[in-house]
Amino acid sequence: MQNLEDICREYTNTIYKYLFCITRNHELAEDLTQETLYYAYKYLHTFRGDCKIQSWLRTIARNEWYKYLKKNKSNNCISLDNIDIEQIGYNLSPEDELIRKEKIKNIYNAIFSFDEETSQILLLRLEAHMDYKQIAILFHKSENWAKTKFFRAKQLLKEVLRDEQQ
């Protein structure tokens, strides 16, 4: 078993990236990372070791995000205003950038209109680039369950986006 200092050193960046992929907000991701590490410290004695420490920390992070969403129900929409175009690597005209941001906003709004589980699976797979096994561990389900849920969620997202364009 690692001590908390080692865990923080090794996993803080991973937790932050995971939370940023979900929230798309630097400040919120930092706050939730701190909350995650606090609860990891508080409940480190309960970690049984039947999964990887990273999976355990992601579960805590996900639960912290859920708590945040419940407290701030009106903040389910992602703000894309803080995205630095140069950091992403695009050199688009202002008009094209506005269109791109609007499309991204529509995709995220569609994703967040789904139930929490469906939204999470889409974000974990598409944004956090987690494989099916990692998603299955996070939800305490089978790998086939994760594949099926992702396929269905992706189909649902396509339908919603297609309906919006009509």
# chains A, B, ... in the order shown; residues from 1 in each chain; ligands from 1

$ residues_around --residues "Asp131 (chain A)" --least-positions-apart "6" --cutoff "12 Å" --atoms "only C-alpha atoms" --output "PDB file with N, CA and C atoms, in the first residue's frame"
ATOM      1  N   ILE A 121     -20.380   7.485 -19.588  1.00  0.00           N
ATOM      2  CA  ILE A 121     -19.753   6.507 -20.465  1.00  0.00           C
ATOM      3  C   ILE A 121     -19.251   7.180 -21.736  1.00  0.00           C
ATOM      4  N   LEU A 122     -20.045   8.064 -22.306  1.00  0.00           N
ATOM      5  CA  LEU A 122     -19.595   8.784 -23.492  1.00  0.00           C
ATOM      6  C   LEU A 122     -18.356   9.625 -23.199  1.00  0.00           C
ATOM      7  N   LEU A 123     -18.384  10.368 -22.102  1.00  0.00           N
ATOM      8  CA  LEU A 123     -17.250  11.228 -21.764  1.00  0.00           C
ATOM      9  C   LEU A 123     -15.998  10.425 -21.430  1.00  0.00           C
ATOM     10  N   LEU A 124     -16.173   9.349 -20.704  1.00  0.00           N
ATOM     11  CA  LEU A 124     -15.011   8.538 -20.341  1.00  0.00           C
ATOM     12  C   LEU A 124     -14.355   7.923 -21.569  1.00  0.00           C
ATOM     13  N   ARG A 125     -15.154   7.505 -22.503  1.00  0.00           N
ATOM     14  CA  ARG A 125     -14.619   6.850 -23.703  1.00  0.00           C
ATOM     15  C   ARG A 125     -14.081   7.871 -24.696  1.00  0.00           C
ATOM     16  N   ILE A 137     -14.554  -1.431 -14.835  1.00  0.00           N
ATOM     17  CA  ILE A 137     -14.062  -1.431 -13.448  1.00  0.00           C
ATOM     18  C   ILE A 137     -14.659  -0.250 -12.686  1.00  0.00           C
ATOM     19  N   LEU A 138     -14.692   0.900 -13.330  1.00  0.00           N
ATOM     20  CA  LEU A 138     -15.204   2.103 -12.685  1.00  0.00           C
ATOM     21  C   LEU A 138     -16.671   1.961 -12.286  1.00  0.00           C
ATOM     22  N   GLU A 143     -16.956  -5.990 -18.950  1.00  0.00           N
ATOM     23  CA  GLU A 143     -16.442  -5.290 -20.120  1.00  0.00           C
ATOM     24  C   GLU A 143     -17.490  -5.273 -21.241  1.00  0.00           C
ATOM     25  N   ASN A 144     -18.224  -6.363 -21.407  1.00  0.00           N
ATOM     26  CA  ASN A 144     -19.283  -6.405 -22.419  1.00  0.00           C
ATOM     27  C   ASN A 144     -20.373  -5.383 -22.119  1.00  0.00           C
ATOM     28  N   ALA A 146     -19.898  -2.517 -20.696  1.00  0.00           N
ATOM     29  CA  ALA A 146     -19.343  -1.217 -21.081  1.00  0.00           C
ATOM     30  C   ALA A 146     -19.403  -1.022 -22.596  1.00  0.00           C
ATOM     31  N   LYS A 147     -19.077  -2.058 -23.355  1.00  0.00           N
ATOM     32  CA  LYS A 147     -19.126  -1.964 -24.816  1.00  0.00           C
ATOM     33  C   LYS A 147     -20.548  -1.711 -25.302  1.00  0.00           C
ATOM     34  N   PHE A 150     -21.751   1.821 -24.326  1.00  0.00           N
ATOM     35  CA  PHE A 150     -21.123   2.848 -25.151  1.00  0.00           C
ATOM     36  C   PHE A 150     -21.734   2.849 -26.546  1.00  0.00           C
TER      37      PHE A 150
END

$ residues_around --residues "region 47-56 of chain A" --least-positions-apart "2" --cutoff "10 Å" --atoms "only C-alpha atoms" --output "mmCIF file with N, CA and C atoms, in the first residue's frame"
data_model
loop_
_atom_site.group_PDB
_atom_site.id
_atom_site.type_symbol
_atom_site.label_atom_id
_atom_site.label_comp_id
_atom_site.auth_asym_id
_atom_site.auth_seq_id
_atom_site.Cartn_x
_atom_site.Cartn_y
_atom_site.Cartn_z
ATOM 1 N N MET A 1 0.849 -1.192 0.000
ATOM 2 C CA MET A 1 0.000 0.000 0.000
ATOM 3 C C MET A 1 0.881 1.237 0.000
ATOM 4 N N GLN A 2 0.558 2.170 -0.869
ATOM 5 C CA GLN A 2 1.294 3.405 -0.958
ATOM 6 C C GLN A 2 0.804 4.383 0.101
ATOM 7 N N ILE A 7 0.795 8.680 -3.483
ATOM 8 C CA ILE A 7 -0.429 8.674 -4.288
ATOM 9 C C ILE A 7 -0.641 10.049 -4.925
ATOM 10 N N GLU A 10 1.894 10.685 -7.701
ATOM 11 C CA GLU A 10 1.717 9.831 -8.873
ATOM 12 C C GLU A 10 0.399 10.069 -9.609
ATOM 13 N N TYR A 11 -0.669 10.410 -8.891
ATOM 14 C CA TYR A 11 -1.992 10.412 -9.517
ATOM 15 C C TYR A 11 -2.689 11.762 -9.610
ATOM 16 N N THR A 14 -3.273 12.747 -13.226
ATOM 17 C CA THR A 14 -4.230 11.842 -13.864
ATOM 18 C C THR A 14 -5.659 12.176 -13.437
ATOM 19 N N ILE A 15 -5.844 12.409 -12.146
ATOM 20 C CA ILE A 15 -7.171 12.765 -11.632
ATOM 21 C C ILE A 15 -7.624 14.086 -12.240
ATOM 22 N N ALA A 40 -9.635 10.708 -0.526
ATOM 23 C CA ALA A 40 -8.692 9.586 -0.595
ATOM 24 C C ALA A 40 -7.900 9.511 0.706
ATOM 25 N N TYR A 43 -10.278 8.346 3.584
ATOM 26 C CA TYR A 43 -10.749 6.960 3.516
ATOM 27 C C TYR A 43 -9.703 5.978 2.989
ATOM 28 N N LEU A 44 -8.440 6.374 3.025
ATOM 29 C CA LEU A 44 -7.376 5.493 2.543
ATOM 30 C C LEU A 44 -7.388 4.157 3.277
ATOM 31 N N HIS A 45 -7.737 4.174 4.545
ATOM 32 C CA HIS A 45 -7.770 2.940 5.345
ATOM 33 C C HIS A 45 -8.851 1.964 4.856
ATOM 34 N N ARG A 58 -10.472 7.353 -9.358
ATOM 35 C CA ARG A 58 -11.425 7.832 -10.361
ATOM 36 C C ARG A 58 -12.862 7.686 -9.872
ATOM 37 N N THR A 59 -13.126 6.638 -9.136
ATOM 38 C CA THR A 59 -14.469 6.466 -8.578
ATOM 39 C C THR A 59 -14.774 7.595 -7.600
ATOM 40 N N ILE A 60 -13.805 7.922 -6.770
ATOM 41 C CA ILE A 60 -13.979 9.044 -5.836
ATOM 42 C C ILE A 60 -14.188 10.338 -6.625
ATOM 43 N N ALA A 61 -13.369 10.551 -7.654
ATOM 44 C CA ALA A 61 -13.473 11.766 -8.464
ATOM 45 C C ALA A 61 -14.847 11.850 -9.128
ATOM 46 N N ARG A 62 -15.317 10.747 -9.673
ATOM 47 C CA ARG A 62 -16.628 10.721 -10.313
ATOM 48 C C ARG A 62 -17.720 11.054 -9.295
ATOM 49 N N GLN A 134 -11.432 -0.394 -18.338
ATOM 50 C CA GLN A 134 -11.353 0.635 -17.299
ATOM 51 C C GLN A 134 -12.740 1.162 -16.939
ATOM 52 N N ILE A 135 -13.570 1.359 -17.953
ATOM 53 C CA ILE A 135 -14.933 1.834 -17.701
ATOM 54 C C ILE A 135 -15.707 0.790 -16.905
ATOM 55 N N ILE A 137 -14.554 -1.431 -14.835
ATOM 56 C CA ILE A 137 -14.062 -1.431 -13.448
ATOM 57 C C ILE A 137 -14.659 -0.250 -12.686
ATOM 58 N N LEU A 138 -14.692 0.900 -13.330
ATOM 59 C CA LEU A 138 -15.204 2.103 -12.685
ATOM 60 C C LEU A 138 -16.671 1.961 -12.286
ATOM 61 N N PHE A 139 -17.441 1.263 -13.108
ATOM 62 C CA PHE A 139 -18.866 1.078 -12.830
ATOM 63 C C PHE A 139 -19.170 -0.258 -12.150
#

$ atom_distance --atom1 "CA of Phe114 (chain A)" --atom2 "CA of Thr12 (chain A)"
28.7 Å

$ closest_residue --among "A:Thr148, A:Thr23, A:Ser113, A:Gln165" --to "Tyr66 (chain A)" --atoms "only C-alpha atoms"
A:Thr23

$ residues_around --residues "Thr33 (chain A)" --least-positions-apart "4" --cutoff "9 Å" --atoms "only C-alpha atoms" --output "list in words"
Thr12, Asn13, Ile15, Tyr16, Leu19, Leu28, Ala29, Leu37, Tyr38, Ala61 and Glu64 of chain A

$ residues_around --residues "Glu164 (chain A)" --least-positions-apart "3" --cutoff "12 Å" --atoms "only C-alpha atoms" --output "list in words"
Lys103, Asn106, Ile107, Asn109, Ala110, Leu157, Lys158, Glu159, Val160 and Leu161 of chain A

$ write_last_selection --atoms "C-alpha atoms" --output "PDB file, in the first residue's frame"
ATOM      1  CA  LYS A 103     -20.983  22.582 -32.683  1.00  0.00           C
ATOM      2  CA  ASN A 106     -24.314  21.365 -29.030  1.00  0.00           C
ATOM      3  CA  ILE A 107     -22.543  18.019 -28.682  1.00  0.00           C
ATOM      4  CA  ASN A 109     -25.377  19.827 -24.355  1.00  0.00           C
ATOM      5  CA  ALA A 110     -26.722  16.687 -26.021  1.00  0.00           C
ATOM      6  CA  LEU A 157     -26.026  10.827 -29.496  1.00  0.00           C
ATOM      7  CA  LYS A 158     -26.048  10.432 -33.284  1.00  0.00           C
ATOM      8  CA  GLU A 159     -29.860  10.415 -33.317  1.00  0.00           C
ATOM      9  CA  VAL A 160     -30.107  13.513 -31.145  1.00  0.00           C
ATOM     10  CA  LEU A 161     -27.569  15.415 -33.249  1.00  0.00           C
TER      11      LEU A 161
END

$ select_by_dssp --residues "region 17-154 of chain A" --states "helix (DSSP H, G or I)" --output "PyMOL selection string"
chain A and resi 17-23+26-42+44-46+53-71+73-75+85-88+94-113+116-126+132-139+143-154

$ atom_distance --atom1 "CA of Gln155 (chain A)" --atom2 "CA of Ser119 (chain A)"
12.6 Å

$ atom_distance --atom1 "CA of Lys149 (chain A)" --atom2 "CA of Thr118 (chain A)"
7.3 Å
